[in-house]
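Here is the file run_31.cif (mmCIF, C-alpha atoms).
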```
data_final
loop_
_atom_site.label_atom_id
_atom_site.label_comp_id
_atom_site.auth_asym_id
_atom_site.auth_seq_id
_atom_site.Cartn_x
_atom_site.Cartn_y
_atom_site.Cartn_z
CA MET E 14 -21.96 3.04 -22.67
CA LYS E 15 -23.46 -0.41 -23.05
CA VAL E 16 -21.97 -3.17 -20.91
CA THR E 17 -21.32 -6.26 -23.03
CA TRP E 18 -19.12 -8.50 -20.90
CA GLU E 19 -20.37 -11.19 -18.59
CA GLU E 20 -21.04 -9.88 -15.10
CA PRO E 21 -18.87 -11.67 -12.49
CA GLY E 22 -20.39 -13.15 -9.35
CA TRP E 23 -18.91 -10.76 -6.80
CA GLY E 24 -20.73 -12.11 -3.77
CA GLY E 25 -19.33 -15.62 -4.10
CA LEU E 26 -15.89 -14.42 -3.04
CA GLY E 27 -17.07 -11.84 -0.54
CA TRP E 28 -16.76 -8.85 -2.87
CA GLU E 29 -19.33 -6.06 -3.03
CA ARG E 30 -20.71 -5.20 -6.47
CA LEU E 31 -20.86 -1.42 -7.02
CA ALA E 32 -21.74 -1.20 -10.72
CA ALA E 33 -21.48 -3.39 -13.81
CA GLY E 34 -17.96 -4.81 -13.80
CA VAL E 35 -16.96 -2.82 -10.71
CA GLY E 36 -16.56 -4.17 -7.18
CA ARG E 37 -14.56 -3.92 -4.02
CA CYS E 38 -13.69 -5.87 -0.89
CA ARG E 39 -12.80 -4.79 2.62
CA LEU E 40 -9.74 -6.53 3.99
CA PRO E 41 -9.40 -7.70 7.59
CA GLY E 42 -7.01 -6.02 9.97
CA TRP E 43 -6.98 -2.41 8.84
CA ASP E 44 -10.34 -2.46 7.03
CA CYS E 45 -8.56 -1.44 3.85
CA THR E 46 -10.49 -1.35 0.57
CA VAL E 47 -9.33 -3.04 -2.64
CA GLY E 48 -11.23 -2.34 -5.86
CA LEU E 49 -11.56 -4.23 -9.13
CA VAL E 50 -12.72 -2.96 -12.52
CA THR E 51 -13.25 -5.53 -15.27
CA GLY E 52 -13.86 -5.24 -18.99
CA PRO E 53 -13.79 -7.54 -22.02
CA GLY E 54 -10.14 -6.71 -22.67
CA GLY E 55 -8.60 -6.06 -19.29
CA ALA E 56 -8.82 -5.89 -15.51
CA LEU E 57 -7.60 -3.14 -13.18
CA LEU E 58 -7.06 -3.61 -9.45
CA VAL E 59 -7.07 -0.69 -7.03
CA ASP E 60 -4.49 -1.23 -4.26
CA ALA E 61 -2.89 -4.52 -3.29
CA GLY E 62 -3.24 -5.28 0.41
CA SER E 63 -0.82 -5.23 3.32
CA SER E 64 1.39 -8.28 2.69
CA LEU E 65 2.58 -10.62 -0.02
CA ALA E 66 0.21 -13.32 1.22
CA GLU E 67 -2.73 -10.93 1.10
CA GLY E 68 -1.69 -9.79 -2.37
CA ALA E 69 -1.49 -13.39 -3.58
CA ARG E 70 -5.01 -14.08 -2.30
CA LEU E 71 -6.32 -10.94 -3.98
CA ARG E 72 -4.65 -11.92 -7.24
CA LEU E 73 -6.45 -15.27 -7.28
CA GLU E 74 -9.80 -13.73 -6.37
CA ALA E 75 -9.46 -10.95 -8.95
CA GLN E 76 -8.51 -13.47 -11.63
CA SER E 77 -11.53 -15.59 -10.78
CA LEU E 78 -13.86 -12.57 -10.93
CA ALA E 79 -12.40 -11.06 -14.09
CA GLY E 80 -11.73 -14.30 -15.92
CA ARG E 81 -8.20 -13.11 -16.67
CA ARG E 82 -5.11 -11.95 -14.85
CA VAL E 83 -4.86 -8.40 -13.49
CA ASP E 84 -3.48 -6.23 -16.28
CA PHE E 85 -3.22 -2.95 -14.34
CA LEU E 86 -2.56 -2.23 -10.67
CA ALA E 87 -3.30 1.32 -9.51
CA LEU E 88 -1.85 2.27 -6.11
CA THR E 89 -3.78 5.10 -4.49
CA HIS E 90 -0.93 6.15 -2.19
CA PRO E 91 2.30 4.75 -0.75
CA HIS E 92 1.24 3.36 2.64
CA PHE E 93 2.00 -0.22 3.61
CA ASP E 94 -1.61 -1.39 3.96
CA HIS E 95 -2.26 -0.39 0.34
CA VAL E 96 0.97 -1.40 -1.42
CA PHE E 97 2.72 -4.28 0.38
CA GLY E 98 0.91 -6.92 -1.68
CA ALA E 99 1.95 -5.39 -5.00
CA ALA E 100 4.77 -7.82 -5.75
CA ALA E 101 2.21 -10.64 -6.02
CA PHE E 102 0.94 -9.13 -9.29
CA ALA E 103 3.73 -10.19 -11.62
CA GLY E 104 3.26 -8.80 -15.10
CA ALA E 105 0.77 -6.12 -14.13
CA HIS E 106 1.36 -2.55 -15.26
CA VAL E 107 1.73 -0.73 -11.94
CA LEU E 108 0.62 2.90 -11.74
CA ALA E 109 0.87 5.48 -8.97
CA ALA E 110 0.60 9.23 -8.57
CA GLY E 111 3.79 11.18 -9.12
CA GLY E 112 4.91 12.80 -5.87
CA ALA E 113 5.34 16.51 -5.43
CA ASP E 114 9.11 16.21 -5.95
CA GLY E 115 8.82 13.69 -8.79
CA SER E 116 11.38 11.38 -7.15
CA GLY E 117 9.25 8.35 -6.36
CA SER E 118 11.25 8.20 -3.13
CA GLU E 119 8.54 6.28 -1.28
CA PHE E 120 9.47 3.18 -3.30
CA GLY E 121 13.25 3.62 -2.98
CA ARG E 122 15.42 2.14 -0.26
CA SER E 123 14.78 4.77 2.41
CA GLY E 124 11.09 4.81 1.58
CA ARG E 125 10.86 1.03 1.90
CA GLU E 126 12.56 1.14 5.29
CA ALA E 127 10.08 3.77 6.46
CA LEU E 128 7.12 1.73 5.19
CA CYS E 129 8.46 -1.36 6.94
CA ALA E 130 8.90 0.47 10.22
CA ASP E 131 5.40 1.93 9.96
CA ALA E 132 3.91 -1.50 9.25
CA VAL E 133 5.60 -3.04 12.30
CA ARG E 134 4.55 -0.09 14.44
CA ASN E 135 0.95 -0.72 13.37
CA GLY E 136 1.06 -4.42 14.22
CA LEU E 137 2.27 -6.25 11.11
CA ASP E 138 4.65 -9.11 11.85
CA ALA E 139 8.24 -7.87 11.42
CA ARG E 140 9.32 -10.70 9.12
CA THR E 141 6.21 -10.27 6.96
CA ALA E 142 6.83 -6.53 6.74
CA GLU E 143 10.48 -6.99 5.81
CA GLU E 144 9.62 -9.49 3.08
CA ALA E 145 7.06 -7.14 1.56
CA ALA E 146 9.38 -4.13 1.78
CA ASP E 147 12.27 -6.03 0.18
CA THR E 148 10.13 -7.02 -2.81
CA LEU E 149 8.10 -3.82 -3.16
CA VAL E 150 7.65 -2.98 -6.81
CA VAL E 151 8.50 0.41 -8.22
CA PRO E 152 5.55 1.76 -10.24
CA ARG E 153 6.14 1.42 -13.96
CA GLN E 154 4.30 4.65 -14.66
CA GLU E 155 3.66 7.78 -12.62
CA VAL E 156 0.47 9.77 -13.18
CA ARG E 157 1.46 13.41 -13.10
CA ARG E 158 -2.05 14.75 -13.80
CA SER E 159 -4.37 12.19 -15.41
CA LEU E 160 -4.32 8.99 -17.42
CA THR E 161 -7.03 6.94 -19.12
CA VAL E 162 -6.91 3.14 -19.04
CA GLU E 163 -9.07 1.29 -21.56
CA LEU E 164 -10.32 -2.17 -20.67
CA GLY E 165 -11.44 -3.33 -24.10
CA ASP E 166 -14.16 -2.62 -26.62
CA GLY E 167 -17.39 -1.96 -24.74
CA GLY E 168 -15.60 -1.78 -21.39
CA PRO E 169 -15.10 1.28 -19.23
CA GLU E 170 -12.49 3.95 -19.86
CA VAL E 171 -11.09 4.26 -16.36
CA ALA E 172 -9.66 7.67 -15.49
CA LEU E 173 -6.77 7.95 -13.03
CA TRP E 174 -6.27 11.39 -11.53
CA ASN E 175 -3.48 12.76 -9.38
CA VAL E 176 -5.44 15.05 -7.05
CA GLY E 177 -2.89 15.39 -4.23
CA PRO E 178 -1.19 16.40 -2.18
CA GLY E 179 -3.52 15.74 0.71
CA HIS E 180 -3.42 12.51 2.70
CA THR E 181 0.08 12.09 1.23
CA SER E 182 2.17 13.98 -1.32
CA SER E 183 0.88 11.66 -4.06
CA ASP E 184 -2.81 10.75 -3.90
CA LEU E 185 -4.37 8.94 -6.85
CA VAL E 186 -8.11 8.56 -7.37
CA ILE E 187 -9.67 6.16 -9.86
CA VAL E 188 -12.90 7.19 -11.60
CA VAL E 189 -15.07 4.59 -13.35
CA PRO E 190 -17.76 6.41 -15.36
CA GLY E 191 -21.39 5.45 -15.08
CA ASN E 192 -23.44 4.38 -18.06
CA SER E 193 -26.86 4.95 -19.55
CA ASP E 194 -28.23 1.75 -18.01
CA SER E 195 -28.36 3.42 -14.57
CA ASP E 196 -25.02 2.26 -13.16
CA PRO E 197 -23.47 5.13 -11.17
CA THR E 198 -20.01 6.61 -11.53
CA VAL E 199 -17.68 5.01 -8.97
CA VAL E 200 -14.76 6.92 -7.45
CA PHE E 201 -12.05 5.05 -5.55
CA CYS E 202 -10.70 7.72 -3.20
CA GLY E 203 -7.91 6.00 -1.31
CA ASP E 204 -7.38 7.48 2.14
CA LEU E 205 -8.37 10.98 1.08
CA VAL E 206 -11.73 9.75 2.39
CA GLU E 207 -12.24 7.43 5.36
CA GLU E 208 -15.55 6.21 6.76
CA SER E 209 -14.69 3.72 9.50
CA GLY E 210 -12.58 6.22 11.44
CA ASP E 211 -11.27 9.76 11.31
CA PRO E 212 -8.94 10.51 8.37
CA GLN E 213 -5.36 9.84 9.40
CA ALA E 214 -2.75 12.55 8.90
CA GLY E 215 0.74 11.12 9.24
CA PRO E 216 4.07 12.86 8.72
CA ASP E 217 3.68 12.71 4.93
CA ALA E 218 0.26 14.38 4.92
CA VAL E 219 -0.18 17.89 3.51
CA PRO E 220 -3.20 19.14 5.50
CA SER E 221 -3.20 22.60 3.94
CA HIS E 222 -4.06 21.04 0.54
CA TRP E 223 -6.33 18.21 1.68
CA PRO E 224 -9.68 20.07 1.46
CA THR E 225 -8.82 21.27 -2.05
CA ALA E 226 -7.95 17.70 -3.05
CA LEU E 227 -11.45 16.67 -1.94
CA ASP E 228 -12.94 19.50 -3.99
CA ARG E 229 -11.25 17.90 -7.00
CA VAL E 230 -12.57 14.46 -6.06
CA LEU E 231 -16.12 15.83 -5.89
CA ALA E 232 -15.74 17.60 -9.22
CA LEU E 233 -14.59 14.36 -10.84
CA GLY E 234 -17.39 12.21 -9.44
CA GLY E 235 -20.34 14.55 -9.31
CA GLU E 236 -23.34 14.56 -7.05
CA ASP E 237 -24.65 11.08 -7.86
CA ALA E 238 -21.40 9.07 -7.74
CA LEU E 239 -20.51 6.34 -5.27
CA TYR E 240 -17.39 7.33 -3.36
CA VAL E 241 -15.28 4.40 -2.11
CA PRO E 242 -13.09 5.36 0.86
CA GLY E 243 -9.77 3.78 1.64
CA HIS E 244 -11.32 2.39 4.83
CA GLY E 245 -14.99 1.82 5.55
CA ALA E 246 -18.36 1.76 3.84
CA VAL E 247 -19.16 3.35 0.49
CA VAL E 248 -20.36 6.96 0.90
CA ASP E 249 -22.04 9.71 -1.12
CA ALA E 250 -21.07 13.22 -2.15
CA ALA E 251 -22.64 14.74 0.97
CA PHE E 252 -20.35 12.63 3.18
CA VAL E 253 -17.27 13.71 1.22
CA ARG E 254 -18.27 17.38 1.49
CA ALA E 255 -18.81 17.03 5.24
CA GLN E 256 -15.43 15.36 5.68
CA ARG E 257 -13.80 18.07 3.56
CA ASP E 258 -15.28 20.77 5.80
CA ALA E 259 -14.31 18.87 8.95
CA LEU E 260 -10.71 18.58 7.73
CA ALA E 261 -10.61 22.30 6.94
CA ARG E 262 -11.75 23.10 10.50
CA ARG E 263 -9.43 20.51 12.03
CA PHE E 264 -6.35 21.92 10.32
CA GLY E 265 -7.39 25.56 10.19
CA VAL E 266 -7.46 25.64 6.40
CA SER E 267 -9.11 28.56 4.63
CA ARG E 268 -11.32 27.46 1.76
CA GLU E 269 -9.71 28.20 -1.58
CA PRO E 270 -10.98 27.94 -5.16
CA VAL E 271 -10.27 24.64 -6.94
CA ALA E 272 -7.26 24.89 -9.26
#
```
Rendering of file as structure tokens:
Amino acid sequence: MKVTWEEPGWGGLGWERLAAGVGRCRLPGWDCTVGLVTGPGGALLVDAGSSLAEGARLRLEAQSLAGRRVDFLALTHPHFDHVFGAAAFAGAHVLAAGGADGSGSEFGRSGREALCADAVRNGLDARTAEEAADTLVVPRQEVRRSLTVELGDGGPEVALWNVGPGHTSSDLVIVVPGNSDSDPTVVFCGDLVEESGDPQAGPDAVPSHWPTALDRVLALGGEDALYVPGHGAVVDAAFVRAQRDALARRFGVSREPVA
């Protein structure tokens, strides 16, 4: 796949370039990753930050980098530090993984209240958390298995895969394929993978399925991909395998074949 669009200057806004048209930034506070994939006919953002103000800043930076507004917003999982900025992206097509029960309850009233309480418990200002919870957008489209997003002629065909449950009941990974000009495949893993701390397993985690979810992530990316964790530095396949095995030991999970 030949890259034909103008390469944005990632470093000028503090973003890290990962491949042609693909970058990410690490946000302050919770060290949460936000990704951006650009093409000649579209731009896709991965996650939205932990507040409306953070989302608004990301929107301006993404627009500057892509040369257009964000067309698609993919939410890796429904935790406040990844979704509370979503309302800042007016007009974007919002995508998320369909939960195990198909209800999308995380974005309903009770789900919003739980997200707000969790945000405050983790140190977000109560008024800021309430504002973000009150305006939280409901995803326009749920990814039940997989979905391909095209970003224009000559741009990448970005694959969104529902690989959960694991870290939550609805974990979405975003795969940007590599090309023949030596750019690697990039996999945005959400919090299925964490580098700057141990993976967090809250009340909505499904530990018995988490190692298998990481098997799927590895199968999608392959040995030479760059794996972008929800928190921390970019890692390789060996790191993901080691974290998968550590999670299996931690939760007493027997290794099972990938479905």
Rounded to one decimal, what separation in Å do you get between atom CA of Val59 of chain E and atom CA of Leu231 of chain E?
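Atom CA of Leu231 of chain E lies at a distance of 18.9 Å from atom CA of Val59 of chain E.
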Would you compute the distance between atom CA of Ser63 of chain E and atom CA of Ala146 of chain E? Give it in Å to one decimal.
10.4 Å
What do you get, as a PyMOL selection string, if you spell out every residue that the PyMOL selection byres ((chain E and resi 199-215) around 7) selects here?
chain E and resi 89+179-180+186-190+197-198+216-218+234+238-246+253
If the PyMOL selection byres ((chain E and resi 81) around 10) is run on the structure shown, which residues does it catch, given as number ranges by chain?
E: 51-56, 73, 75-80, 82-84
Give as an NGL selection string each residue that has an atom at most 6 Å from (-11.5, 1.1, -14.2) in the file, counting only C-alpha atoms.
:E and (50 or 57 or 171 or 189)
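Proximity to Glu74 of chain E was assessed for E:His90, E:Arg153, E:Arg262, E:Arg37 counting all atoms listed in the file; the smallest distance is recorded for E:Arg37.
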Hey, can you check how far atom CA of Arg257 of chain E sits from atom CA of Thr225 of chain E?
8.2 Å
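What the PyMOL selection byres ((chain E and resi 107) around 7) picks from this file is E:Phe85, E:Leu86, E:Ala87, E:Ala105, E:His106, E:Leu108, E:Ala109, E:Pro152, E:Arg153, E:Gln154.
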Name the residues in contact with segment 119-135 of chain E at a cut-off of 7 Å, using all atoms listed in the file, excluding same-chain residues fewer than 2 positions from it; report them as a list in words.
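Result of the neighbour search: Pro91, His92, Phe93, Gly117, Leu137, Asp138, Ala139, Ala142, Glu143, Ala146 and Val151 of chain E.
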Among the residues E:Gly111, E:Gly165, E:Pro220, E:Gly104, the one that comes closest to Ser183 of chain E [using all atoms listed in the file]
E:Gly111
Identify which of the residues E:Val219, E:Asn192, E:Val150, E:Cys38 lies closest to Gly167 of chain E, counting all atoms listed in the file when measuring atom-to-atom distances.
E:Asn192
Minimum-distance residue to Ala250 of chain E, chosen among E:Ala145, E:Gly235, E:Trp174, E:Glu29 (using all atoms listed in the file):
E:Gly235
Can you work out which one of E:Asp94, E:Glu155, E:Glu170, E:Glu67 has the shortest atom-to-atom distance to Gly34 of chain E, counting all atoms listed in the file?
E:Glu170
